[in-house]
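> Before I ask anything, let me first share the structure, which is written out below as structure tokens.
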Amino acid sequence: MEEWMKRPIIFSASETPDGGRNHNDSLVVTMDIALPEHMDEEANPKPRPWTMPKILIDGGRSIGISFYEASKQMVLKDECLIPSTYNIFGLNGSSTHPRGEVTLEIHVGKILTLTTFCVVDVISPYTAIVGQSWVHGIKGVASTYH
């Protein structure tokens, strides 16, 4: 275990957003995301991370979701998508067949993870959604109060 992983995680009252415990804001972050180098050799010999805003951290979701419109902004080609054989069901019971899946690098501070996203072509206020498996994988702690 690296030394930084041994340090305690502390949240202070000064980190509480306006409204304190009465807020009900979602945890939305900006992260750097890129195609792994081996996937983008022809199009871009030195792939650069794209700063992806409005990523929802959803502790109740088990899969990562990327929205097709955001993938186009990243200049992610449809050829990079691996065909998908399943449907995703929303809260209202409707199903969506993904355009495919793609594995991307997520850069957060010193942490780099390879994360598989299901790419769906639906309208969303977010560019992507990462779930509990990603948060757990980086040994993250999301405080709903802070």
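Letters A, B, ... mark the chains of the structure tokens in the order given; residue numbers begin at 1 per chain; ligand numbers begin at 1, in order shown.
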As a list in words, please: the residues near Ile138 in chain A (cut-off 9 Å, only C-alpha atoms, same-chain neighbours under 5 positions excluded).
Ile111, Leu112, Thr113 and Ser133 of chain A
> Report as a ChimeraX atom specification all protein, DNA and RNA residues lying within 12 Å of Ser143 in chain A, evaluated on only C-alpha atoms, omitting residues in the same chain fewer than 2 positions from it.
/A:9-12,15-17,21,24-27,57-59,135,140-141,145-146
> Go ahead and save the residues from that selection, with N, CA, C and O atoms, as a PDB file, in the first residue's frame.

ATOM      1  N   ILE A   9      -8.824   9.861   6.089  1.00  0.00           N
ATOM      2  CA  ILE A   9      -9.630  10.784   5.302  1.00  0.00           C
ATOM      3  C   ILE A   9     -10.457  11.602   6.282  1.00  0.00           C
ATOM      4  O   ILE A   9     -11.167  11.053   7.123  1.00  0.00           O
ATOM      5  N   ILE A  10     -10.352  12.911   6.156  1.00  0.00           N
ATOM      6  CA  ILE A  10     -11.027  13.800   7.099  1.00  0.00           C
ATOM      7  C   ILE A  10     -11.825  14.833   6.316  1.00  0.00           C
ATOM      8  O   ILE A  10     -11.325  15.440   5.370  1.00  0.00           O
ATOM      9  N   PHE A  11     -13.062  15.041   6.711  1.00  0.00           N
ATOM     10  CA  PHE A  11     -13.891  16.094   6.160  1.00  0.00           C
ATOM     11  C   PHE A  11     -14.126  17.096   7.276  1.00  0.00           C
ATOM     12  O   PHE A  11     -14.490  16.727   8.386  1.00  0.00           O
ATOM     13  N   SER A  12     -13.930  18.379   6.986  1.00  0.00           N
ATOM     14  CA  SER A  12     -14.137  19.394   8.020  1.00  0.00           C
ATOM     15  C   SER A  12     -15.409  20.189   7.739  1.00  0.00           C
ATOM     16  O   SER A  12     -15.931  20.185   6.619  1.00  0.00           O
ATOM     17  N   GLU A  15     -15.655  22.531   4.768  1.00  0.00           N
ATOM     18  CA  GLU A  15     -15.870  21.984   3.432  1.00  0.00           C
ATOM     19  C   GLU A  15     -17.350  21.763   3.121  1.00  0.00           C
ATOM     20  O   GLU A  15     -17.691  21.293   2.045  1.00  0.00           O
ATOM     21  N   THR A  16     -18.217  22.102   4.051  1.00  0.00           N
ATOM     22  CA  THR A  16     -19.642  21.949   3.843  1.00  0.00           C
ATOM     23  C   THR A  16     -20.134  23.041   2.894  1.00  0.00           C
ATOM     24  O   THR A  16     -19.825  24.207   3.083  1.00  0.00           O
ATOM     25  N   PRO A  17     -20.880  22.672   1.856  1.00  0.00           N
ATOM     26  CA  PRO A  17     -21.365  23.698   0.925  1.00  0.00           C
ATOM     27  C   PRO A  17     -22.400  24.598   1.594  1.00  0.00           C
ATOM     28  O   PRO A  17     -22.944  24.266   2.647  1.00  0.00           O
ATOM     29  N   ARG A  21     -26.178  20.873   5.965  1.00  0.00           N
ATOM     30  CA  ARG A  21     -26.761  19.536   5.831  1.00  0.00           C
ATOM     31  C   ARG A  21     -28.076  19.531   5.077  1.00  0.00           C
ATOM     32  O   ARG A  21     -28.603  18.481   4.751  1.00  0.00           O
ATOM     33  N   ASN A  24     -29.046  19.062  -1.102  1.00  0.00           N
ATOM     34  CA  ASN A  24     -29.274  17.741  -1.683  1.00  0.00           C
ATOM     35  C   ASN A  24     -28.648  17.665  -3.077  1.00  0.00           C
ATOM     36  O   ASN A  24     -29.181  17.037  -3.967  1.00  0.00           O
ATOM     37  N   ASP A  25     -27.508  18.332  -3.235  1.00  0.00           N
ATOM     38  CA  ASP A  25     -26.823  18.365  -4.518  1.00  0.00           C
ATOM     39  C   ASP A  25     -26.198  17.009  -4.838  1.00  0.00           C
ATOM     40  O   ASP A  25     -25.711  16.311  -3.948  1.00  0.00           O
ATOM     41  N   SER A  26     -26.187  16.679  -6.104  1.00  0.00           N
ATOM     42  CA  SER A  26     -25.494  15.479  -6.560  1.00  0.00           C
ATOM     43  C   SER A  26     -23.999  15.757  -6.580  1.00  0.00           C
ATOM     44  O   SER A  26     -23.570  16.905  -6.660  1.00  0.00           O
ATOM     45  N   LEU A  27     -23.204  14.693  -6.518  1.00  0.00           N
ATOM     46  CA  LEU A  27     -21.755  14.840  -6.619  1.00  0.00           C
ATOM     47  C   LEU A  27     -21.401  14.807  -8.104  1.00  0.00           C
ATOM     48  O   LEU A  27     -21.519  13.771  -8.765  1.00  0.00           O
ATOM     49  N   ILE A  57     -21.181  11.249 -10.115  1.00  0.00           N
ATOM     50  CA  ILE A  57     -20.747  10.111  -9.311  1.00  0.00           C
ATOM     51  C   ILE A  57     -22.017   9.514  -8.709  1.00  0.00           C
ATOM     52  O   ILE A  57     -22.690  10.160  -7.905  1.00  0.00           O
ATOM     53  N   ASP A  58     -22.364   8.322  -9.128  1.00  0.00           N
ATOM     54  CA  ASP A  58     -23.612   7.681  -8.705  1.00  0.00           C
ATOM     55  C   ASP A  58     -23.280   6.406  -7.948  1.00  0.00           C
ATOM     56  O   ASP A  58     -22.948   5.384  -8.549  1.00  0.00           O
ATOM     57  N   GLY A  59     -23.347   6.480  -6.627  1.00  0.00           N
ATOM     58  CA  GLY A  59     -23.012   5.338  -5.786  1.00  0.00           C
ATOM     59  C   GLY A  59     -23.954   4.167  -5.928  1.00  0.00           C
ATOM     60  O   GLY A  59     -23.668   3.063  -5.473  1.00  0.00           O
ATOM     61  N   VAL A 135     -15.598   4.174  -7.905  1.00  0.00           N
ATOM     62  CA  VAL A 135     -15.250   4.831  -6.638  1.00  0.00           C
ATOM     63  C   VAL A 135     -14.516   3.845  -5.738  1.00  0.00           C
ATOM     64  O   VAL A 135     -13.480   4.160  -5.149  1.00  0.00           O
ATOM     65  N   GLY A 140     -11.969   5.451  -3.134  1.00  0.00           N
ATOM     66  CA  GLY A 140     -12.548   6.766  -2.900  1.00  0.00           C
ATOM     67  C   GLY A 140     -13.608   6.750  -1.811  1.00  0.00           C
ATOM     68  O   GLY A 140     -14.195   5.717  -1.501  1.00  0.00           O
ATOM     69  N   VAL A 141     -13.853   7.914  -1.270  1.00  0.00           N
ATOM     70  CA  VAL A 141     -14.910   8.099  -0.275  1.00  0.00           C
ATOM     71  C   VAL A 141     -15.710   9.329  -0.706  1.00  0.00           C
ATOM     72  O   VAL A 141     -15.164  10.420  -0.814  1.00  0.00           O
ATOM     73  N   TYR A 145     -22.689  14.553   2.708  1.00  0.00           N
ATOM     74  CA  TYR A 145     -22.825  15.786   3.490  1.00  0.00           C
ATOM     75  C   TYR A 145     -21.930  16.882   2.945  1.00  0.00           C
ATOM     76  O   TYR A 145     -22.312  18.043   2.912  1.00  0.00           O
ATOM     77  N   HIS A 146     -20.742  16.532   2.495  1.00  0.00           N
ATOM     78  CA  HIS A 146     -19.781  17.523   2.007  1.00  0.00           C
ATOM     79  C   HIS A 146     -19.856  17.664   0.514  1.00  0.00           C
ATOM     80  O   HIS A 146     -19.357  18.532  -0.077  1.00  0.00           O
TER      81      HIS A 146
END
> Show me, as a list in words, the residues that have an atom within 8 Å of range 60-75 of chain A when counting only C-alpha atoms, minus same-chain residues fewer than 5 positions from it.
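Residues meeting the cut-off are Trp50, Arg99, Thr115, Thr116, Phe117, Cys118, Val119, Val120, Asp121, Val122, Ile123, Ser124, Tyr126, Thr127, Ala128, Ile129, Val130, Gly131, Gln132, Ser133 and Trp134 of chain A.
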> Mind the document's chain letters and residue numbers, and return as a ChimeraX atom specification the residues of chain A that DSSP labels strand (DSSP E or B).
/A:28-34,50-58,64-67,82,88-89,95-96,100-108,111-120,128-131
> Write out as a PyMOL selection string which residues come within 7 Å of His97 in chain A when counting only C-alpha atoms, dropping same-chain ones fewer than 3 positions away.
chain A and resi 86-88
> Take the residues just selected and output them with C-alpha atoms as a PDB file, in the first residue's frame.

ATOM      1  CA  TYR A  86     -27.532  -5.989 -23.494  1.00  0.00           C
ATOM      2  CA  ASN A  87     -30.029  -3.225 -22.745  1.00  0.00           C
ATOM      3  CA  ILE A  88     -29.902  -0.675 -19.948  1.00  0.00           C
TER       4      ILE A  88
END
